[in-house]
$ cat target.txt   # compact mmCIF, N, CA and C atoms
# COMPACT_ATOMS: atom_id res chain seq x y z
N MET A 1 0.13 -14.06 -33.63
CA MET A 1 -0.50 -14.02 -32.35
C MET A 1 0.58 -13.82 -31.26
N LYS A 2 0.33 -12.88 -30.36
CA LYS A 2 1.25 -12.65 -29.25
C LYS A 2 0.73 -13.36 -28.01
N ARG A 3 1.66 -13.86 -27.21
CA ARG A 3 1.28 -14.56 -25.99
C ARG A 3 1.69 -13.74 -24.78
N VAL A 4 0.91 -13.87 -23.74
CA VAL A 4 1.19 -13.19 -22.49
C VAL A 4 1.21 -14.24 -21.38
N VAL A 5 2.19 -14.13 -20.50
CA VAL A 5 2.29 -15.05 -19.37
C VAL A 5 2.21 -14.22 -18.09
N VAL A 6 1.23 -14.52 -17.26
CA VAL A 6 1.09 -13.84 -15.97
C VAL A 6 1.82 -14.70 -14.95
N THR A 7 2.85 -14.11 -14.34
CA THR A 7 3.66 -14.88 -13.39
C THR A 7 3.30 -14.59 -11.94
N GLY A 8 2.47 -13.61 -11.72
CA GLY A 8 2.06 -13.29 -10.36
C GLY A 8 1.14 -12.09 -10.36
N ILE A 9 0.50 -11.88 -9.25
CA ILE A 9 -0.39 -10.74 -9.11
C ILE A 9 -0.29 -10.24 -7.68
N GLY A 10 -0.32 -8.95 -7.51
CA GLY A 10 -0.22 -8.38 -6.18
C GLY A 10 -0.82 -7.00 -6.13
N ALA A 11 -1.03 -6.53 -4.93
CA ALA A 11 -1.58 -5.18 -4.74
C ALA A 11 -1.19 -4.67 -3.36
N VAL A 12 -0.81 -3.42 -3.30
CA VAL A 12 -0.59 -2.73 -2.03
C VAL A 12 -1.38 -1.44 -2.15
N THR A 13 -2.53 -1.40 -1.49
CA THR A 13 -3.47 -0.29 -1.64
C THR A 13 -4.06 0.09 -0.30
N PRO A 14 -4.74 1.22 -0.22
CA PRO A 14 -5.40 1.61 1.03
C PRO A 14 -6.53 0.66 1.47
N ILE A 15 -7.01 -0.19 0.58
CA ILE A 15 -8.08 -1.12 0.97
C ILE A 15 -7.64 -2.57 0.94
N GLY A 16 -6.34 -2.80 0.91
CA GLY A 16 -5.84 -4.16 0.97
C GLY A 16 -4.40 -4.27 0.53
N ASN A 17 -3.65 -5.12 1.23
CA ASN A 17 -2.24 -5.30 0.91
C ASN A 17 -1.94 -6.58 0.16
N THR A 18 -2.99 -7.27 -0.25
CA THR A 18 -2.84 -8.43 -1.13
C THR A 18 -3.89 -8.28 -2.23
N ALA A 19 -3.69 -9.00 -3.31
CA ALA A 19 -4.65 -8.90 -4.42
C ALA A 19 -6.03 -9.36 -3.97
N GLN A 20 -6.10 -10.45 -3.20
CA GLN A 20 -7.39 -10.97 -2.76
C GLN A 20 -8.10 -10.01 -1.80
N GLU A 21 -7.34 -9.46 -0.85
CA GLU A 21 -7.92 -8.51 0.10
C GLU A 21 -8.43 -7.26 -0.63
N PHE A 22 -7.65 -6.78 -1.59
CA PHE A 22 -8.07 -5.62 -2.39
C PHE A 22 -9.35 -5.92 -3.16
N LEU A 23 -9.40 -7.06 -3.82
CA LEU A 23 -10.58 -7.43 -4.61
C LEU A 23 -11.81 -7.57 -3.72
N THR A 24 -11.68 -8.23 -2.60
CA THR A 24 -12.79 -8.42 -1.67
C THR A 24 -13.32 -7.08 -1.17
N ASN A 25 -12.42 -6.19 -0.75
CA ASN A 25 -12.83 -4.88 -0.25
C ASN A 25 -13.39 -3.99 -1.35
N CYS A 26 -12.86 -4.12 -2.55
CA CYS A 26 -13.37 -3.36 -3.70
C CYS A 26 -14.79 -3.80 -4.03
N GLN A 27 -15.04 -5.09 -4.05
CA GLN A 27 -16.37 -5.62 -4.33
C GLN A 27 -17.36 -5.25 -3.23
N ALA A 28 -16.87 -5.09 -2.00
CA ALA A 28 -17.72 -4.70 -0.88
C ALA A 28 -17.97 -3.20 -0.84
N GLY A 29 -17.32 -2.47 -1.74
CA GLY A 29 -17.52 -1.02 -1.81
C GLY A 29 -16.78 -0.24 -0.75
N LYS A 30 -15.72 -0.83 -0.18
CA LYS A 30 -14.96 -0.14 0.87
C LYS A 30 -14.17 1.02 0.27
N ASN A 31 -13.95 2.02 1.10
CA ASN A 31 -13.24 3.23 0.72
C ASN A 31 -11.98 3.33 1.56
N GLY A 32 -10.85 3.62 0.98
CA GLY A 32 -9.60 3.71 1.72
C GLY A 32 -9.27 5.10 2.22
N ILE A 33 -10.14 6.05 2.01
CA ILE A 33 -9.88 7.42 2.44
C ILE A 33 -10.26 7.56 3.91
N ALA A 34 -9.31 8.09 4.71
CA ALA A 34 -9.51 8.23 6.15
C ALA A 34 -8.62 9.37 6.67
N PRO A 35 -8.79 9.76 7.93
CA PRO A 35 -7.91 10.79 8.49
C PRO A 35 -6.44 10.38 8.39
N ILE A 36 -5.58 11.35 8.14
CA ILE A 36 -4.14 11.13 8.01
C ILE A 36 -3.57 10.72 9.37
N THR A 37 -2.79 9.63 9.37
CA THR A 37 -2.19 9.13 10.60
C THR A 37 -0.67 9.02 10.53
N LYS A 38 -0.09 9.06 9.35
CA LYS A 38 1.34 8.82 9.18
C LYS A 38 2.22 10.00 9.59
N PHE A 39 1.65 11.21 9.64
CA PHE A 39 2.39 12.39 10.03
C PHE A 39 1.42 13.46 10.49
N ASP A 40 1.93 14.50 11.12
CA ASP A 40 1.09 15.60 11.59
C ASP A 40 0.77 16.50 10.40
N ALA A 41 -0.46 16.45 9.95
CA ALA A 41 -0.87 17.20 8.77
C ALA A 41 -1.65 18.46 9.14
N SER A 42 -1.61 18.86 10.40
CA SER A 42 -2.42 19.99 10.86
C SER A 42 -2.08 21.29 10.15
N GLU A 43 -0.85 21.46 9.71
CA GLU A 43 -0.46 22.71 9.05
C GLU A 43 -0.65 22.67 7.54
N THR A 44 -1.07 21.55 7.00
CA THR A 44 -1.21 21.44 5.54
C THR A 44 -2.57 21.84 5.02
N GLY A 45 -3.57 21.82 5.90
CA GLY A 45 -4.93 22.09 5.45
C GLY A 45 -5.61 20.86 4.87
N ILE A 46 -4.88 19.77 4.83
CA ILE A 46 -5.42 18.51 4.34
C ILE A 46 -5.54 17.56 5.53
N HIS A 47 -6.68 16.93 5.67
CA HIS A 47 -6.90 16.10 6.85
C HIS A 47 -7.21 14.65 6.52
N VAL A 48 -7.47 14.35 5.27
CA VAL A 48 -7.77 12.97 4.86
C VAL A 48 -6.87 12.57 3.71
N ALA A 49 -6.62 11.27 3.60
CA ALA A 49 -5.79 10.73 2.52
C ALA A 49 -6.10 9.25 2.38
N ALA A 50 -5.58 8.66 1.34
CA ALA A 50 -5.72 7.22 1.12
C ALA A 50 -4.37 6.58 1.45
N GLU A 51 -4.11 6.41 2.74
CA GLU A 51 -2.85 5.84 3.21
C GLU A 51 -2.89 4.31 3.16
N VAL A 52 -1.75 3.72 2.85
CA VAL A 52 -1.61 2.26 2.94
C VAL A 52 -1.36 1.94 4.41
N LYS A 53 -2.15 1.03 4.95
CA LYS A 53 -2.03 0.69 6.37
C LYS A 53 -1.58 -0.76 6.53
N GLU A 54 -0.90 -1.03 7.64
CA GLU A 54 -0.49 -2.38 8.02
C GLU A 54 0.37 -3.08 6.96
N PHE A 55 1.20 -2.33 6.27
CA PHE A 55 2.11 -2.92 5.28
C PHE A 55 3.48 -3.10 5.92
N ASP A 56 4.02 -4.30 5.84
CA ASP A 56 5.34 -4.61 6.39
C ASP A 56 6.31 -4.87 5.25
N PRO A 57 7.15 -3.88 4.90
CA PRO A 57 8.06 -4.06 3.77
C PRO A 57 9.12 -5.13 4.01
N THR A 58 9.38 -5.48 5.29
CA THR A 58 10.40 -6.49 5.58
C THR A 58 9.97 -7.88 5.13
N LEU A 59 8.72 -8.04 4.75
CA LEU A 59 8.28 -9.31 4.18
C LEU A 59 8.78 -9.48 2.75
N TYR A 60 9.22 -8.38 2.14
CA TYR A 60 9.60 -8.40 0.73
C TYR A 60 11.05 -7.98 0.48
N MET A 61 11.71 -7.37 1.48
CA MET A 61 13.10 -6.94 1.33
C MET A 61 13.78 -6.90 2.69
N GLU A 62 15.07 -6.80 2.69
CA GLU A 62 15.82 -6.78 3.94
C GLU A 62 15.55 -5.49 4.72
N LYS A 63 15.61 -5.60 6.05
CA LYS A 63 15.32 -4.45 6.92
C LYS A 63 16.24 -3.27 6.61
N LYS A 64 17.51 -3.53 6.35
CA LYS A 64 18.47 -2.49 6.03
C LYS A 64 18.04 -1.71 4.78
N GLU A 65 17.53 -2.44 3.81
CA GLU A 65 17.07 -1.81 2.57
C GLU A 65 15.83 -0.94 2.80
N THR A 66 14.94 -1.38 3.69
CA THR A 66 13.72 -0.61 3.95
C THR A 66 14.03 0.74 4.59
N LYS A 67 15.10 0.81 5.36
CA LYS A 67 15.46 2.08 6.02
C LYS A 67 15.92 3.13 5.00
N ARG A 68 16.38 2.69 3.84
CA ARG A 68 16.81 3.61 2.79
C ARG A 68 15.67 4.04 1.87
N MET A 69 14.51 3.42 2.03
CA MET A 69 13.35 3.71 1.18
C MET A 69 12.50 4.81 1.80
N ASP A 70 11.78 5.51 0.96
CA ASP A 70 10.82 6.49 1.42
C ASP A 70 9.45 5.84 1.53
N MET A 71 8.51 6.47 2.20
CA MET A 71 7.19 5.89 2.38
C MET A 71 6.42 5.76 1.07
N PHE A 72 6.77 6.54 0.06
CA PHE A 72 6.06 6.41 -1.21
C PHE A 72 6.95 5.70 -2.15
$ encode --input "target.txt" --output "structure tokens"
Amino acid sequence: MKRVVVTGIGAVTPIGNTAQEFLTNCQAGKNGIAPITKFDASETGIHVAAEVKEFDPTLYMEKKETKRMDMF
């Protein structure tokens, strides 16, 4: 028999930045697809996306480190 230990759970998604918020919004049938706001997408022909909103990476890493990261 193999054992599994769950040490934590998390989620960063277009419908919630915590596991509980994601689960609540998922059960409510919320959709994370909306007009693109992170950059000017007028020349791409794409106008909607599932962007992660209101996520603060400095809660999880140093500010200096976040500047070296890309948005994805």
$ residues_around --input "target.txt" --residues "Thr37 in chain A" --least-positions-apart "4" --cutoff "12 Å" --atoms "only C-alpha atoms" --output "PyMOL selection string"
chain A and resi 33+41-42+46-54
$ select_by_dssp --input "target.txt" --residues "chain A" --states "alpha helix (DSSP H)" --output "PyMOL selection string"
chain A and resi 19-27+63-67
$ atom_distance --input "target.txt" --atom1 "CA of Ala11 in chain A" --atom2 "CA of Phe39 in chain A"
23.3 Å
$ residues_near_point --input "target.txt" --point "(-0.1, -4.3, 0.6)" --cutoff "12 Å" --atoms "only C-alpha atoms" --output "JSON, numbers by chain"
{"A": [9, 10, 11, 12, 13, 14, 15, 16, 17, 18, 19, 20, 21, 22, 51, 52, 53, 54, 55, 56, 57, 58, 59, 60]}
$ atom_distance --input "target.txt" --atom1 "CA of Lys38 in chain A" --atom2 "CA of Glu62 in chain A"
21.9 Å
$ atom_distance --input "target.txt" --atom1 "CA of Phe72 in chain A" --atom2 "CA of Ala34 in chain A"
17.3 Å
$ select_by_dssp --input "target.txt" --residues "chain A" --states "strand (DSSP E)" --output "number ranges by chain"
A: 34-35, 48-49
$ decode --input "target.txt" --residues "range 51-62 of chain A" --atoms "all heavy atoms" --output "short mmCIF file (atom, residue, chain, number, x, y, z; two decimals), in the first residue's frame"
data_model
loop_
_atom_site.label_atom_id
_atom_site.label_comp_id
_atom_site.auth_asym_id
_atom_site.auth_seq_id
_atom_site.Cartn_x
_atom_site.Cartn_y
_atom_site.Cartn_z
N GLU A 51 -7.58 35.85 -17.86
CA GLU A 51 -6.47 36.46 -17.12
C GLU A 51 -6.64 36.26 -15.61
O GLU A 51 -7.75 36.32 -15.09
CB GLU A 51 -6.41 37.96 -17.38
CG GLU A 51 -6.10 38.34 -18.80
CD GLU A 51 -6.12 39.85 -19.01
OE1 GLU A 51 -6.99 40.54 -18.44
OE2 GLU A 51 -5.26 40.32 -19.76
N VAL A 52 -5.52 36.08 -14.94
CA VAL A 52 -5.54 36.05 -13.47
C VAL A 52 -5.56 37.51 -13.01
O VAL A 52 -4.74 38.31 -13.42
CB VAL A 52 -4.30 35.32 -12.92
CG1 VAL A 52 -4.22 35.45 -11.41
CG2 VAL A 52 -4.32 33.86 -13.33
N LYS A 53 -6.51 37.83 -12.15
CA LYS A 53 -6.66 39.20 -11.68
C LYS A 53 -6.37 39.29 -10.18
O LYS A 53 -6.54 38.33 -9.45
CB LYS A 53 -8.07 39.69 -11.97
CG LYS A 53 -8.36 39.79 -13.45
CD LYS A 53 -9.83 40.09 -13.72
CE LYS A 53 -10.14 40.20 -15.18
NZ LYS A 53 -9.90 39.02 -15.97
N GLU A 54 -5.92 40.46 -9.76
CA GLU A 54 -5.70 40.78 -8.34
C GLU A 54 -4.75 39.81 -7.65
O GLU A 54 -4.91 39.50 -6.47
CB GLU A 54 -7.04 40.85 -7.60
CG GLU A 54 -7.97 41.90 -8.15
CD GLU A 54 -9.34 41.89 -7.48
OE1 GLU A 54 -9.48 41.26 -6.41
OE2 GLU A 54 -10.24 42.50 -8.03
N PHE A 55 -3.75 39.33 -8.35
CA PHE A 55 -2.74 38.45 -7.76
C PHE A 55 -1.52 39.27 -7.38
O PHE A 55 -0.98 40.01 -8.20
CB PHE A 55 -2.34 37.34 -8.73
CG PHE A 55 -1.24 36.46 -8.20
CD1 PHE A 55 -1.47 35.59 -7.16
CD2 PHE A 55 0.04 36.52 -8.74
CE1 PHE A 55 -0.45 34.79 -6.65
CE2 PHE A 55 1.05 35.72 -8.25
CZ PHE A 55 0.81 34.86 -7.20
N ASP A 56 -1.08 39.17 -6.14
CA ASP A 56 0.09 39.89 -5.65
C ASP A 56 1.21 38.90 -5.38
O ASP A 56 1.21 38.22 -4.35
CB ASP A 56 -0.26 40.66 -4.39
CG ASP A 56 0.91 41.47 -3.85
OD1 ASP A 56 1.97 41.53 -4.51
OD2 ASP A 56 0.75 42.05 -2.76
N PRO A 57 2.18 38.78 -6.30
CA PRO A 57 3.24 37.80 -6.12
C PRO A 57 4.15 38.11 -4.93
O PRO A 57 4.82 37.22 -4.42
CB PRO A 57 4.02 37.84 -7.43
CG PRO A 57 3.72 39.19 -8.01
CD PRO A 57 2.33 39.53 -7.55
N THR A 58 4.16 39.37 -4.46
CA THR A 58 5.02 39.71 -3.32
C THR A 58 4.55 39.07 -2.02
O THR A 58 5.27 39.10 -1.03
CB THR A 58 5.13 41.24 -3.13
OG1 THR A 58 3.82 41.78 -2.89
CG2 THR A 58 5.74 41.90 -4.36
N LEU A 59 3.37 38.49 -2.02
CA LEU A 59 2.92 37.74 -0.85
C LEU A 59 3.64 36.40 -0.75
O LEU A 59 3.62 35.76 0.30
CB LEU A 59 1.40 37.51 -0.92
CG LEU A 59 0.53 38.74 -0.87
CD1 LEU A 59 -0.93 38.37 -1.10
CD2 LEU A 59 0.71 39.48 0.44
N TYR A 60 4.26 35.97 -1.84
CA TYR A 60 4.88 34.65 -1.90
C TYR A 60 6.38 34.66 -2.18
O TYR A 60 7.04 33.65 -2.02
CB TYR A 60 4.18 33.80 -2.97
CG TYR A 60 2.70 33.74 -2.74
CD1 TYR A 60 1.84 34.58 -3.43
CD2 TYR A 60 2.16 32.86 -1.82
CE1 TYR A 60 0.47 34.55 -3.20
CE2 TYR A 60 0.79 32.82 -1.58
CZ TYR A 60 -0.04 33.66 -2.27
OH TYR A 60 -1.38 33.64 -2.04
N MET A 61 6.92 35.82 -2.63
CA MET A 61 8.34 35.93 -2.93
C MET A 61 8.78 37.38 -2.79
O MET A 61 7.95 38.28 -2.73
CB MET A 61 8.65 35.39 -4.33
CG MET A 61 7.96 36.14 -5.46
SD MET A 61 8.18 35.40 -7.08
CE MET A 61 6.96 34.10 -7.03
N GLU A 62 10.06 37.59 -2.75
CA GLU A 62 10.59 38.95 -2.59
C GLU A 62 10.32 39.79 -3.84
O GLU A 62 10.28 39.28 -4.95
CB GLU A 62 12.09 38.90 -2.33
CG GLU A 62 12.43 38.28 -0.98
CD GLU A 62 13.91 38.32 -0.69
OE1 GLU A 62 14.59 39.23 -1.21
OE2 GLU A 62 14.36 37.45 0.05
#
